[in-house]
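**Student:** Have a look at this one.
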Amino acid sequence: MNIEIISGSPRSSSITHRVVLNLKKYLIETTEHNINVIDVRDWEINALQQEIYRSIETAPVEFKPLAKRMFEADAFILVTPEYNGSYTPALKTLFDHFPKQSRKVFGIVTASPGALGGVRAALQLQTLVYALFGIGSPHMLITPFVDKKFDEEGNLTDKSFQKNIDVFVSEFLWLAEHVSAETAHHS
């Protein structure tokens with residue numbers, strides 16, 4: 001499978017990106033899947049333009065590499081900090097341009113330096129996943145005190161949190177692998 005981890009924080013010094021780095025390394029080391037990161041900071045997507053790209057061919061030349069990755073992804077892991085009780089506008093803008101992700105599995109990961117770990121953003125992301133015609137993994141990774149759990153390279157510094165990561169990844173992969181196999185079977 002092609003799994004794209006979406007790093008949804010537009011901030012240059014994103015603490016949430018540490019979780020992205022950890023998950024990428026974990027998945028590369030423990031699976032045979034193709035694991036990549038789409039970082040919203042790498043793409044200048046105009047929120048006001050609101051063009052919808054339904055295929056690689058319809059995307060403008062500067063977005064063709066991004067369109068290819070979005071359309072060829074079998075599953076996504078959405079990673080976002082909480083902004084005012086929701087996910088980031090940058091994450092929303094990305095999927096507003098590439099909206100229909102039918103029958104793809106989505107893992108939801110939120111992070112916050114606070115005690116709630118972005119749980120309100122996670123609940124909002126569930127609604128977005130359904131609107132994209134995606135399938136949300138019910139096991140979300142809610143990450144409170146993210147700045148104390150991961151170092152700048154994405155290494156886990158709070159070993160007690162490893163079980164949360166293990167459960168999230170194993171449940172996400174179980175669902176994604178089953179849906180992907182079923183989708184391939186019916187193609």
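In the structure tokens, each chain is lettered A, B, ... as it comes, each chain's residues begin at 1, and ligands are numbered from 1 in order of appearance.
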Going by DSSP on the backbone, which bits of segment 10-179 of chain A are alpha helix (DSSP H)? Write them as a ChimeraX atom specification, please.

**Tutor:** /A:17-30,64-72,89-97,119-131,146-149,162-179

**Student:** With a distance cut-off of 7 Å and only C-alpha atoms, select the neighbouring residues of segment 35-45 of chain A, excluding the residue or stretch itself and same-chain residues fewer than 2 positions from it, and output the selection as number ranges by chain.

**Tutor:** A: 2-10, 24, 27-28, 33, 47, 90-91

**Student:** What is the distance, in Å and to one decimal place, between atom CA of Ala73 of chain A and atom CA of Val105 of chain A?

**Tutor:** 9.7 Å

**Student:** As a VMD selection string, list the residues of segment 1-172 of chain A assigned to strand (DSSP E) by DSSP on the backbone atoms of this structure.

**Tutor:** chain A and resid 2 to 7 34 to 39 75 to 81 105 to 111 135 to 136 141 to 143

**Student:** Can you work out which one of A:Met1, A:Val146, A:Leu128, A:Leu141 has the shortest atom-to-atom distance to Ser170 of chain A, counting only C-alpha atoms?

**Tutor:**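 Result for the nearest residue to Ser170 of chain A: A:Leu141.
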
**Student:** One number please: atom CA of Phe133 of chain A to atom CA of His17 of chain A, in Å, one decimal.

**Tutor:** 25.9 Å
